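K.L.:
Structure provided below as structure tokens; questions to follow.
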Amino acid sequence: MAKLGFIGLGIMGMPMARHLLEAGHEVALWSVTAGKAEKLLSHGAAKICKSPAEVAQKSDVVFLCVGDTGISRETIFGEDGLAADPRAGSVIVDCSSISPSVSKQIAKELRSRGIEFLDAPVTGSKNGAESGNLTFMVGGDRAVFERVKVYCLAMGTNLYYCGANGMGLHAKLSQNMIIGNLINAFNESFVLSTKAGIEPELMLDILNNSAARSGLVAAKAPLVFSRNFATHFSVKWLEKDMQLMLDSAGELGVPTPLTALSAQMLRAAMAAGYGEEDICASIKVLEGLAQVKVSDPAHRNRAG
């Protein structure tokens, strides 16, 4: 049994922590919403802590899965943060999707304090987290990665070592860049074809048997048809990731015009009130503009 910690018990973090407990590890837990940790008490040797600092004191390896760059940095370096009084030789594994450049700075600062750090963002969304089939993309010292990968395998099935600190994040965000652009291409295509009179189910069947086939579209289209926008990956977090990629592109001098437009469309969906919904809810922006709904016949009506 290893002494692990987990901070951030949201859509992804909750099932990830549960898998560590069910694998037989002792897991110290902390969440801004205290009641979330209590839900894991029945799943194994869970220890509820009062602060990130207490988690660090009880853990040799701490996993972190929080919303954005500012939260990640505050959780690590803030008052009663993970870096306040950690165990000697401890490791922080940040599974959050944050700025690669800031993550590199965090790694450097932690190293000066004798704390190892890996950026290890994940993909697989809610379903992958719940089933334990996440994919990890890891940046940092390879020897440290080898030490902690057995714990990652309790939560995921694919582990990719991508290189030095920040490289895991560059890989993850590059993947999400494609997702952001694909979801906007899907939105435009299906709003246009539906407006023209093609049944959405027919259009999806055509796509699934063509060079334009996409796993993302195949998964999200039926949800749009049934108007099921329950959150697996929210609009606001994808918009955040797209902006992180635009920031990185600026730092590296890479033009990304399509990503800039896609980020603006996601921001428009947030402004329209869809930020907390699944990324496929972003289609409602174009549906409103075109005055048509992309749905199955049982739900079909004109948007007003």
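Identifiers in the structure tokens: chain A, B, ... in order shown; residue index from 1 per chain; ligand index from 1 in order shown.
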I'd like the neighbourhood of segment 258-273 of chain A as JSON, numbers by chain, where a residue qualifies if any of its atoms comes within 6 Å (using only C-alpha atoms), though same-chain residues fewer than 3 positions away should be ignored.
P.N.:
{"A": [181, 239, 242, 282, 285]}
K.L.:
Find the spatial neighbours of segment 102-106 of chain A, counting only C-alpha atoms, within a cut-off of 9 Å - ignore same-chain residues fewer than 5 positions away - and output them as a count of residues only.
P.N.:
13
K.L.:
Enumerate the residues of segment 39-273 of chain A with a DSSP assignment of strand (DSSP E), computed from the backbone, and present them as a VMD selection string.
P.N.:
chain A and resid 46 to 48 61 to 64 91 to 94 116 to 119 122 to 123 134 to 139 156 to 163
K.L.:
Could you tell me how far atom CA of Ala28 of chain A lies from atom CA of Lys47 of chain A, in Å and to one decimal?
P.N.:
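Taking atom CA of Ala28 of chain A and atom CA of Lys47 of chain A, their separation equals 4.5 Å.
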K.L.:
Write out as a ChimeraX atom specification each polymer residue whose atoms come within 9 Å of Ser234 of chain A, counting only C-alpha atoms; drop sequence neighbours fewer than 6 positions from it.
P.N.:
/A:274-281
K.L.:
Near segment 49-58 of chain A, counting only C-alpha atoms, which residues have an atom at most 8 Å away, once you skip same-chain residues fewer than 4 positions from it, shown as an MDAnalysis selection string?
P.N.:
chainID A and resid 3:7 28:30 62 75:76 80:87
K.L.:
With C-alpha atoms retained, export the selected residues as a PDB file, in the first residue's frame.
P.N.:
```pdb
ATOM      1  CA  LYS A   3       0.729   6.649   0.702  1.00  0.00           C
ATOM      2  CA  LEU A   4      -0.773   8.848  -1.977  1.00  0.00           C
ATOM      3  CA  GLY A   5      -2.624  12.140  -2.085  1.00  0.00           C
ATOM      4  CA  PHE A   6      -5.282  13.487  -4.407  1.00  0.00           C
ATOM      5  CA  ILE A   7      -6.472  17.082  -4.728  1.00  0.00           C
ATOM      6  CA  ALA A  28      -5.165  11.595   1.530  1.00  0.00           C
ATOM      7  CA  LEU A  29      -7.873  13.791   0.029  1.00  0.00           C
ATOM      8  CA  TRP A  30      -8.657  17.484  -0.150  1.00  0.00           C
ATOM      9  CA  VAL A  62       0.319  13.693  -4.638  1.00  0.00           C
ATOM     10  CA  THR A  75      -2.746  24.839  -4.565  1.00  0.00           C
ATOM     11  CA  ILE A  76       0.983  24.201  -4.727  1.00  0.00           C
ATOM     12  CA  ASP A  80      -1.083  25.812   3.382  1.00  0.00           C
ATOM     13  CA  GLY A  81      -0.205  24.635  -0.139  1.00  0.00           C
ATOM     14  CA  LEU A  82       1.485  21.405  -1.156  1.00  0.00           C
ATOM     15  CA  ALA A  83       4.941  22.989  -1.061  1.00  0.00           C
ATOM     16  CA  ALA A  84       4.543  24.319   2.501  1.00  0.00           C
ATOM     17  CA  ASP A  85       5.830  21.248   4.372  1.00  0.00           C
ATOM     18  CA  PRO A  86       6.064  18.156   2.154  1.00  0.00           C
ATOM     19  CA  ARG A  87       7.696  14.820   2.901  1.00  0.00           C
TER      20      ARG A  87
END
```
K.L.:
Grab the atom CA of Arg18 of chain A to atom CA of Gly132 of chain A distance for me, in Å with one decimal place.
P.N.:
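Distance reported for this atom pair: 9.6 Å.
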K.L.:
Which residue out of A:Val235, A:Leu286, A:Ile92, A:Ala230 has the minimum interatomic distance to Glu188 of chain A when only C-alpha atoms are used?
P.N.:
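Ranking A:Val235, A:Leu286, A:Ile92, A:Ala230 by distance to Glu188 of chain A, first place goes to A:Leu286.
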K.L.:
Find the spatial neighbours of Val93 of chain A, counting only C-alpha atoms, within a cut-off of 10 Å - ignore same-chain residues fewer than 6 positions away - and output them as a list in words.
P.N.:
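Near neighbours after the sequence-gap exclusion: Gly5, Phe6, Val61, Val62, Phe63, Leu64, Cys65, Glu116, Phe117, Leu118, Asp119, Ala120, Pro121, Val138, Gly139, Gly140, Val144, Phe145, Val148 and Cys152 of chain A.
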K.L.:
My list of candidates is A:Ala143, A:Leu207, A:Ile283, A:Met14. Which is closest to Ile183 of chain A when distances are computed with only C-alpha atoms?
P.N.:
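The answer is A:Ile283, which sits nearest to Ile183 of chain A.
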K.L.:
What is the atom CA of Pro15 of chain A-atom CA of Met155 of chain A distance in Å, reported with one decimal?
P.N.:
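Atom-to-atom, atom CA of Pro15 of chain A and atom CA of Met155 of chain A are spaced 8.4 Å apart.
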K.L.:
Just want the 9 Å neighbourhood of segment 174-179 of chain A, counted on only C-alpha atoms, with same-chain residues fewer than 6 positions away dropped. Output as a PDB file with N, CA and C atoms, in the first residue's frame.
P.N.:
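Writing the result to result14.pdb gives the following:
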```pdb
ATOM      1  N   THR A 123      -6.441  12.484 -20.933  1.00  0.00           N
ATOM      2  CA  THR A 123      -7.546  12.577 -21.868  1.00  0.00           C
ATOM      3  C   THR A 123      -8.390  11.323 -21.745  1.00  0.00           C
ATOM      4  N   LEU A 216     -14.877  11.724 -32.655  1.00  0.00           N
ATOM      5  CA  LEU A 216     -15.525  12.769 -31.857  1.00  0.00           C
ATOM      6  C   LEU A 216     -16.940  13.024 -32.366  1.00  0.00           C
ATOM      7  N   LEU A 238     -12.873  23.620 -22.485  1.00  0.00           N
ATOM      8  CA  LEU A 238     -12.268  23.533 -23.819  1.00  0.00           C
ATOM      9  C   LEU A 238     -11.837  24.916 -24.287  1.00  0.00           C
ATOM     10  N   ASP A 241      -8.583  25.678 -22.708  1.00  0.00           N
ATOM     11  CA  ASP A 241      -7.471  24.957 -23.327  1.00  0.00           C
ATOM     12  C   ASP A 241      -7.092  25.551 -24.681  1.00  0.00           C
ATOM     13  N   MET A 242      -8.088  25.983 -25.437  1.00  0.00           N
ATOM     14  CA  MET A 242      -7.787  26.608 -26.724  1.00  0.00           C
ATOM     15  C   MET A 242      -7.008  27.902 -26.527  1.00  0.00           C
ATOM     16  N   MET A 245      -3.441  27.144 -25.854  1.00  0.00           N
ATOM     17  CA  MET A 245      -2.712  26.831 -27.075  1.00  0.00           C
ATOM     18  C   MET A 245      -2.381  28.095 -27.874  1.00  0.00           C
ATOM     19  N   THR A 259      -7.576  27.961 -34.965  1.00  0.00           N
ATOM     20  CA  THR A 259      -7.771  27.810 -33.518  1.00  0.00           C
ATOM     21  C   THR A 259      -8.290  29.096 -32.901  1.00  0.00           C
TER      22      THR A 259
END
```
K.L.:
Write out as a PyMOL selection string the set of residues from segment 169-283 of chain A that DSSP, computed on the backbone, places in helix (DSSP H, G or I).
P.N.:
chain A and resi 169-196+200-208+215-225+235-252+257-271+279-283
K.L.:
Find the spatial neighbours of Asn133 of chain A, counting only C-alpha atoms, within a cut-off of 9 Å - ignore same-chain residues fewer than 4 positions away - and output them as a list in words.
P.N.:
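Using only C-alpha atoms, the neighbours found are Gly124, Asn127, Gly128, Ala129, Leu153, Ala154, Met155, Gly156, Thr157 and Asn158 of chain A.
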